[in-house]
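Below is protein-v4.cif, holding mmCIF, N, CA and C atoms.
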data_final
loop_
_atom_site.label_atom_id
_atom_site.label_comp_id
_atom_site.auth_asym_id
_atom_site.auth_seq_id
_atom_site.Cartn_x
_atom_site.Cartn_y
_atom_site.Cartn_z
N MET A 10 6.61 -10.47 7.00
CA MET A 10 6.71 -9.06 7.30
C MET A 10 6.10 -8.82 8.67
N SER A 11 6.83 -8.16 9.54
CA SER A 11 6.30 -7.84 10.86
C SER A 11 6.57 -6.38 11.16
N PRO A 12 5.52 -5.54 11.13
CA PRO A 12 5.70 -4.12 11.37
C PRO A 12 6.04 -3.85 12.85
N ILE A 13 7.06 -3.06 13.07
CA ILE A 13 7.49 -2.71 14.42
C ILE A 13 7.51 -1.18 14.52
N ASN A 14 7.20 -0.67 15.69
CA ASN A 14 7.24 0.76 15.97
C ASN A 14 6.29 1.59 15.10
N LEU A 15 5.19 1.04 14.74
CA LEU A 15 4.16 1.79 14.02
C LEU A 15 2.90 1.84 14.88
N GLY A 16 2.05 2.80 14.61
CA GLY A 16 0.76 2.82 15.29
C GLY A 16 -0.07 1.63 14.83
N ASP A 17 -1.09 1.29 15.60
CA ASP A 17 -1.91 0.12 15.29
C ASP A 17 -2.53 0.17 13.90
N VAL A 18 -3.02 1.33 13.50
CA VAL A 18 -3.67 1.45 12.19
C VAL A 18 -2.65 1.27 11.07
N MET A 19 -1.47 1.84 11.24
CA MET A 19 -0.42 1.69 10.23
C MET A 19 0.06 0.24 10.16
N LYS A 20 0.14 -0.44 11.28
CA LYS A 20 0.52 -1.85 11.28
C LYS A 20 -0.49 -2.65 10.47
N GLU A 21 -1.77 -2.38 10.76
CA GLU A 21 -2.83 -3.08 10.03
C GLU A 21 -2.76 -2.77 8.54
N SER A 22 -2.53 -1.52 8.19
CA SER A 22 -2.43 -1.13 6.78
C SER A 22 -1.28 -1.85 6.09
N ALA A 23 -0.14 -1.95 6.77
CA ALA A 23 1.02 -2.63 6.19
C ALA A 23 0.73 -4.11 5.97
N LEU A 24 0.10 -4.74 6.93
CA LEU A 24 -0.22 -6.17 6.79
C LEU A 24 -1.25 -6.41 5.70
N ILE A 25 -2.27 -5.56 5.64
CA ILE A 25 -3.28 -5.69 4.59
C ILE A 25 -2.64 -5.46 3.22
N ALA A 26 -1.80 -4.44 3.12
CA ALA A 26 -1.13 -4.15 1.85
C ALA A 26 -0.30 -5.35 1.39
N HIS A 27 0.41 -5.97 2.31
CA HIS A 27 1.22 -7.14 1.97
C HIS A 27 0.34 -8.28 1.48
N THR A 28 -0.75 -8.53 2.18
CA THR A 28 -1.67 -9.61 1.80
C THR A 28 -2.30 -9.34 0.44
N VAL A 29 -2.75 -8.11 0.22
CA VAL A 29 -3.38 -7.75 -1.05
C VAL A 29 -2.36 -7.82 -2.19
N ALA A 30 -1.15 -7.34 -1.95
CA ALA A 30 -0.11 -7.39 -2.99
C ALA A 30 0.19 -8.83 -3.37
N ARG A 31 0.27 -9.72 -2.39
CA ARG A 31 0.51 -11.14 -2.68
C ARG A 31 -0.61 -11.71 -3.54
N ALA A 32 -1.85 -11.37 -3.21
CA ALA A 32 -3.00 -11.89 -3.95
C ALA A 32 -3.02 -11.36 -5.38
N ILE A 33 -2.74 -10.07 -5.54
CA ILE A 33 -2.74 -9.48 -6.88
C ILE A 33 -1.63 -10.10 -7.73
N LEU A 34 -0.46 -10.26 -7.13
CA LEU A 34 0.66 -10.85 -7.87
C LEU A 34 0.35 -12.29 -8.28
N LEU A 35 -0.25 -13.04 -7.39
CA LEU A 35 -0.62 -14.42 -7.70
C LEU A 35 -1.59 -14.48 -8.88
N GLU A 36 -2.52 -13.52 -8.91
CA GLU A 36 -3.50 -13.47 -10.00
C GLU A 36 -2.84 -13.04 -11.32
N LYS A 37 -1.99 -12.03 -11.27
CA LYS A 37 -1.38 -11.48 -12.48
C LYS A 37 -0.21 -12.29 -13.01
N ASP A 38 0.55 -12.89 -12.09
CA ASP A 38 1.76 -13.61 -12.50
C ASP A 38 1.99 -14.79 -11.55
N PRO A 39 1.24 -15.88 -11.73
CA PRO A 39 1.30 -17.02 -10.82
C PRO A 39 2.70 -17.64 -10.66
N GLN A 40 3.56 -17.45 -11.65
CA GLN A 40 4.91 -18.03 -11.59
C GLN A 40 5.88 -17.16 -10.78
N ASN A 41 5.48 -15.96 -10.45
CA ASN A 41 6.35 -15.04 -9.72
C ASN A 41 6.41 -15.45 -8.25
N THR A 42 7.59 -15.75 -7.77
CA THR A 42 7.77 -16.22 -6.39
C THR A 42 8.40 -15.17 -5.49
N PHE A 43 8.32 -13.91 -5.89
CA PHE A 43 8.98 -12.85 -5.13
C PHE A 43 8.59 -12.87 -3.65
N PHE A 44 7.31 -12.86 -3.35
CA PHE A 44 6.89 -12.79 -1.95
C PHE A 44 7.20 -14.07 -1.18
N ALA A 45 7.18 -15.18 -1.84
CA ALA A 45 7.50 -16.45 -1.17
C ALA A 45 8.99 -16.55 -0.84
N ASN A 46 9.82 -15.90 -1.63
CA ASN A 46 11.27 -16.03 -1.47
C ASN A 46 11.96 -14.79 -0.91
N SER A 47 11.20 -13.80 -0.47
CA SER A 47 11.80 -12.55 -0.01
C SER A 47 11.36 -12.19 1.40
N LYS A 48 12.25 -11.55 2.11
CA LYS A 48 11.90 -10.94 3.39
C LYS A 48 11.83 -9.44 3.14
N LEU A 49 10.76 -8.82 3.60
CA LEU A 49 10.54 -7.41 3.33
C LEU A 49 10.76 -6.55 4.55
N HIS A 50 11.27 -5.37 4.31
CA HIS A 50 11.39 -4.35 5.36
C HIS A 50 10.85 -3.06 4.76
N LEU A 51 9.76 -2.57 5.30
CA LEU A 51 9.19 -1.30 4.83
C LEU A 51 9.68 -0.21 5.76
N HIS A 52 10.32 0.79 5.22
CA HIS A 52 10.79 1.91 6.03
C HIS A 52 9.78 3.03 5.93
N LEU A 53 9.18 3.36 7.05
CA LEU A 53 8.23 4.47 7.12
C LEU A 53 8.80 5.47 8.11
N PRO A 54 9.34 6.57 7.62
CA PRO A 54 9.92 7.56 8.52
C PRO A 54 8.92 8.02 9.58
N SER A 55 9.40 8.42 10.73
CA SER A 55 8.51 8.79 11.83
C SER A 55 7.54 9.90 11.44
N GLY A 56 7.95 10.81 10.58
CA GLY A 56 7.05 11.87 10.13
C GLY A 56 5.87 11.34 9.32
N ALA A 57 6.03 10.18 8.73
CA ALA A 57 4.98 9.60 7.90
C ALA A 57 3.91 8.94 8.73
N THR A 58 4.16 8.73 10.01
CA THR A 58 3.19 8.00 10.83
C THR A 58 2.34 8.91 11.70
N GLN A 59 2.49 10.22 11.59
CA GLN A 59 1.72 11.13 12.44
C GLN A 59 0.21 10.94 12.26
N LYS A 60 -0.23 10.84 11.03
CA LYS A 60 -1.66 10.67 10.77
C LYS A 60 -2.13 9.31 11.25
N ASP A 61 -1.29 8.30 11.10
CA ASP A 61 -1.61 6.95 11.52
C ASP A 61 -2.92 6.48 10.92
N GLY A 62 -3.08 6.69 9.60
CA GLY A 62 -4.35 6.37 8.97
C GLY A 62 -4.27 5.20 8.01
N PRO A 63 -5.43 4.65 7.65
CA PRO A 63 -5.49 3.48 6.78
C PRO A 63 -5.17 3.77 5.32
N SER A 64 -5.05 5.03 4.92
CA SER A 64 -4.78 5.33 3.52
C SER A 64 -3.39 4.88 3.11
N ALA A 65 -2.53 4.59 4.05
CA ALA A 65 -1.17 4.15 3.71
C ALA A 65 -1.17 2.81 2.98
N GLY A 66 -2.14 1.97 3.23
CA GLY A 66 -2.16 0.64 2.61
C GLY A 66 -2.22 0.68 1.11
N CYS A 67 -3.03 1.56 0.57
CA CYS A 67 -3.17 1.70 -0.88
C CYS A 67 -1.84 2.08 -1.50
N THR A 68 -1.18 3.04 -0.90
CA THR A 68 0.09 3.50 -1.42
C THR A 68 1.16 2.42 -1.33
N MET A 69 1.16 1.68 -0.23
CA MET A 69 2.15 0.61 -0.07
C MET A 69 1.97 -0.46 -1.13
N VAL A 70 0.73 -0.83 -1.41
CA VAL A 70 0.48 -1.88 -2.41
C VAL A 70 0.89 -1.42 -3.79
N VAL A 71 0.39 -0.26 -4.20
CA VAL A 71 0.53 0.16 -5.59
C VAL A 71 1.90 0.75 -5.90
N THR A 72 2.49 1.46 -4.96
CA THR A 72 3.73 2.15 -5.30
C THR A 72 4.98 1.54 -4.70
N SER A 73 4.85 0.51 -3.91
CA SER A 73 6.08 -0.09 -3.39
C SER A 73 6.11 -1.60 -3.57
N LEU A 74 5.16 -2.32 -3.04
CA LEU A 74 5.24 -3.78 -3.04
C LEU A 74 5.08 -4.41 -4.42
N LEU A 75 4.02 -4.06 -5.13
CA LEU A 75 3.81 -4.68 -6.45
C LEU A 75 4.88 -4.31 -7.47
N PRO A 76 5.24 -3.04 -7.60
CA PRO A 76 6.31 -2.73 -8.55
C PRO A 76 7.62 -3.44 -8.22
N LEU A 77 7.92 -3.56 -6.95
CA LEU A 77 9.13 -4.28 -6.54
C LEU A 77 9.06 -5.74 -6.97
N ALA A 78 7.93 -6.37 -6.71
CA ALA A 78 7.76 -7.78 -7.05
C ALA A 78 7.74 -8.01 -8.55
N MET A 79 7.20 -7.05 -9.29
CA MET A 79 7.05 -7.21 -10.74
C MET A 79 8.18 -6.59 -11.53
N LYS A 80 9.15 -6.02 -10.83
CA LYS A 80 10.31 -5.37 -11.45
C LYS A 80 9.87 -4.29 -12.44
N LYS A 81 8.95 -3.46 -11.98
CA LYS A 81 8.45 -2.36 -12.80
C LYS A 81 8.68 -1.06 -12.06
N PHE A 82 8.87 0.00 -12.81
CA PHE A 82 9.07 1.31 -12.22
C PHE A 82 7.73 2.02 -12.04
N VAL A 83 7.68 2.90 -11.06
CA VAL A 83 6.51 3.73 -10.82
C VAL A 83 6.83 5.11 -11.40
N LYS A 84 5.86 5.71 -12.06
CA LYS A 84 6.08 7.05 -12.60
C LYS A 84 6.45 8.00 -11.47
N LYS A 85 7.42 8.85 -11.72
CA LYS A 85 7.90 9.73 -10.65
C LYS A 85 6.90 10.82 -10.29
N ASP A 86 5.91 11.09 -11.14
CA ASP A 86 4.92 12.12 -10.82
C ASP A 86 3.59 11.53 -10.34
N LEU A 87 3.60 10.27 -9.96
CA LEU A 87 2.40 9.60 -9.48
C LEU A 87 2.12 10.00 -8.03
N THR A 88 0.89 10.38 -7.75
CA THR A 88 0.46 10.63 -6.38
C THR A 88 -0.83 9.88 -6.15
N MET A 89 -1.07 9.51 -4.93
CA MET A 89 -2.31 8.78 -4.65
C MET A 89 -2.64 8.86 -3.18
N THR A 90 -3.87 8.60 -2.93
CA THR A 90 -4.36 8.41 -1.57
C THR A 90 -5.62 7.57 -1.71
N GLY A 91 -6.18 7.20 -0.63
CA GLY A 91 -7.35 6.32 -0.64
C GLY A 91 -7.13 5.23 0.37
N GLU A 92 -8.19 4.70 0.84
CA GLU A 92 -8.13 3.71 1.91
C GLU A 92 -8.24 2.31 1.34
N ILE A 93 -7.53 1.36 1.93
CA ILE A 93 -7.65 -0.03 1.52
C ILE A 93 -8.40 -0.77 2.62
N THR A 94 -9.39 -1.57 2.22
CA THR A 94 -10.21 -2.28 3.20
C THR A 94 -9.57 -3.63 3.53
N LEU A 95 -10.13 -4.31 4.51
CA LEU A 95 -9.63 -5.63 4.90
C LEU A 95 -9.74 -6.64 3.77
N THR A 96 -10.64 -6.40 2.83
CA THR A 96 -10.81 -7.31 1.70
C THR A 96 -10.01 -6.88 0.47
N GLY A 97 -9.23 -5.80 0.60
CA GLY A 97 -8.38 -5.36 -0.50
C GLY A 97 -9.03 -4.37 -1.45
N ARG A 98 -10.22 -3.92 -1.14
CA ARG A 98 -10.89 -2.93 -1.98
C ARG A 98 -10.31 -1.56 -1.68
N ILE A 99 -10.02 -0.78 -2.70
CA ILE A 99 -9.49 0.56 -2.50
C ILE A 99 -10.64 1.55 -2.59
N LEU A 100 -10.83 2.30 -1.52
CA LEU A 100 -11.92 3.26 -1.43
C LEU A 100 -11.45 4.63 -1.90
N PRO A 101 -12.36 5.42 -2.47
CA PRO A 101 -11.98 6.78 -2.86
C PRO A 101 -11.78 7.65 -1.62
N ILE A 102 -11.10 8.76 -1.82
CA ILE A 102 -10.89 9.67 -0.70
C ILE A 102 -12.10 10.58 -0.57
N GLY A 103 -12.33 11.09 0.63
CA GLY A 103 -13.47 11.96 0.85
C GLY A 103 -13.09 13.39 1.13
N GLY A 104 -11.85 13.63 1.55
CA GLY A 104 -11.43 14.96 1.97
C GLY A 104 -11.51 16.02 0.90
N ILE A 105 -11.21 15.68 -0.32
CA ILE A 105 -11.22 16.69 -1.40
C ILE A 105 -12.63 17.14 -1.70
N ILE A 106 -13.58 16.23 -1.69
CA ILE A 106 -14.98 16.60 -1.91
C ILE A 106 -15.43 17.53 -0.81
N SER A 107 -15.06 17.25 0.43
CA SER A 107 -15.42 18.10 1.55
C SER A 107 -14.83 19.49 1.38
N LEU A 108 -13.60 19.58 0.92
CA LEU A 108 -12.96 20.89 0.72
C LEU A 108 -13.68 21.69 -0.34
N ARG A 109 -14.08 21.04 -1.40
CA ARG A 109 -14.77 21.74 -2.48
C ARG A 109 -16.10 22.32 -1.99
N ARG A 110 -16.79 21.60 -1.17
CA ARG A 110 -18.10 22.06 -0.68
C ARG A 110 -17.95 23.28 0.21
N LYS A 111 -16.84 23.39 0.93
CA LYS A 111 -16.63 24.52 1.83
C LYS A 111 -16.33 25.81 1.07
N GLN A 112 -15.83 25.70 -0.14
CA GLN A 112 -15.40 26.90 -0.90
C GLN A 112 -16.56 27.62 -1.51
#

Please re-express this file's structure in structure tokens.
Amino acid sequence: MSPINLGDVMKESALIAHTVARAILLEKDPQNTFFANSKLHLHLPSGATQKDGPSAGCTMVVTSLLPLAMKKFVKKDLTMTGEITLTGRILPIGGIISLRRKQ
């Protein structure tokens, strides 16, 4: 997977998401060769890259790469955000807590 035409942070998020998804799949289903035998193209519309933030990695792993590899559907009412670290840890979001404190 080679991200093109994305901001630096989004490129990093896409690469981390791919790496984390591969690791999770290897742990959960060692016989699954999806990532070894597939070429991936992630389409991120230009409107999706305005923020250019690291929270995209979490969404890419959980709602696109792993379900694709595992042939599972994602619930249509699922929403998420949160940041994925270089080690694959998903961090909670902070913005909602900040909004609550302002009210």

Considering only C-alpha atoms, state which residue in the set A:Val29, A:Ala78, A:Lys85, A:Thr94 is at the smallest distance from A:Phe44. A:Ala78

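Taking atom CA of A:Pro39 and atom CA of A:Val70 as the two end points, the separation is 17.3 Å.
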
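For the pair atom C of A:Ile93 and atom CA of A:Gln40, the interatomic distance is 26.0 Å.
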
Applied to the shown file, which residues does the PyMOL selection byres (((chain A and resi 43 and name CA) around 10) and name CA) return, written as a PyMOL selection string? chain A and resi 31+34+40-42+44-48+75+77-80

Cut-off 12 Å around (-3.5, -9.4, 5.5) with only C-alpha atoms: residues as a PyMOL selection string: chain A and resi 10-11+20-32+66+70+93-97

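The space between atom CA of A:Lys84 and atom CA of A:Thr72 spans 9.1 Å.
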
Edge lengths and centre in Å, axis-aligned, stretch 20-37 of chain A plus 5 Å each side, as JSON:
{"center_x": -1.1, "center_y": -7.5, "center_z": -0.9, "size_x": 14.7, "size_y": 24.0, "size_z": 34.3}
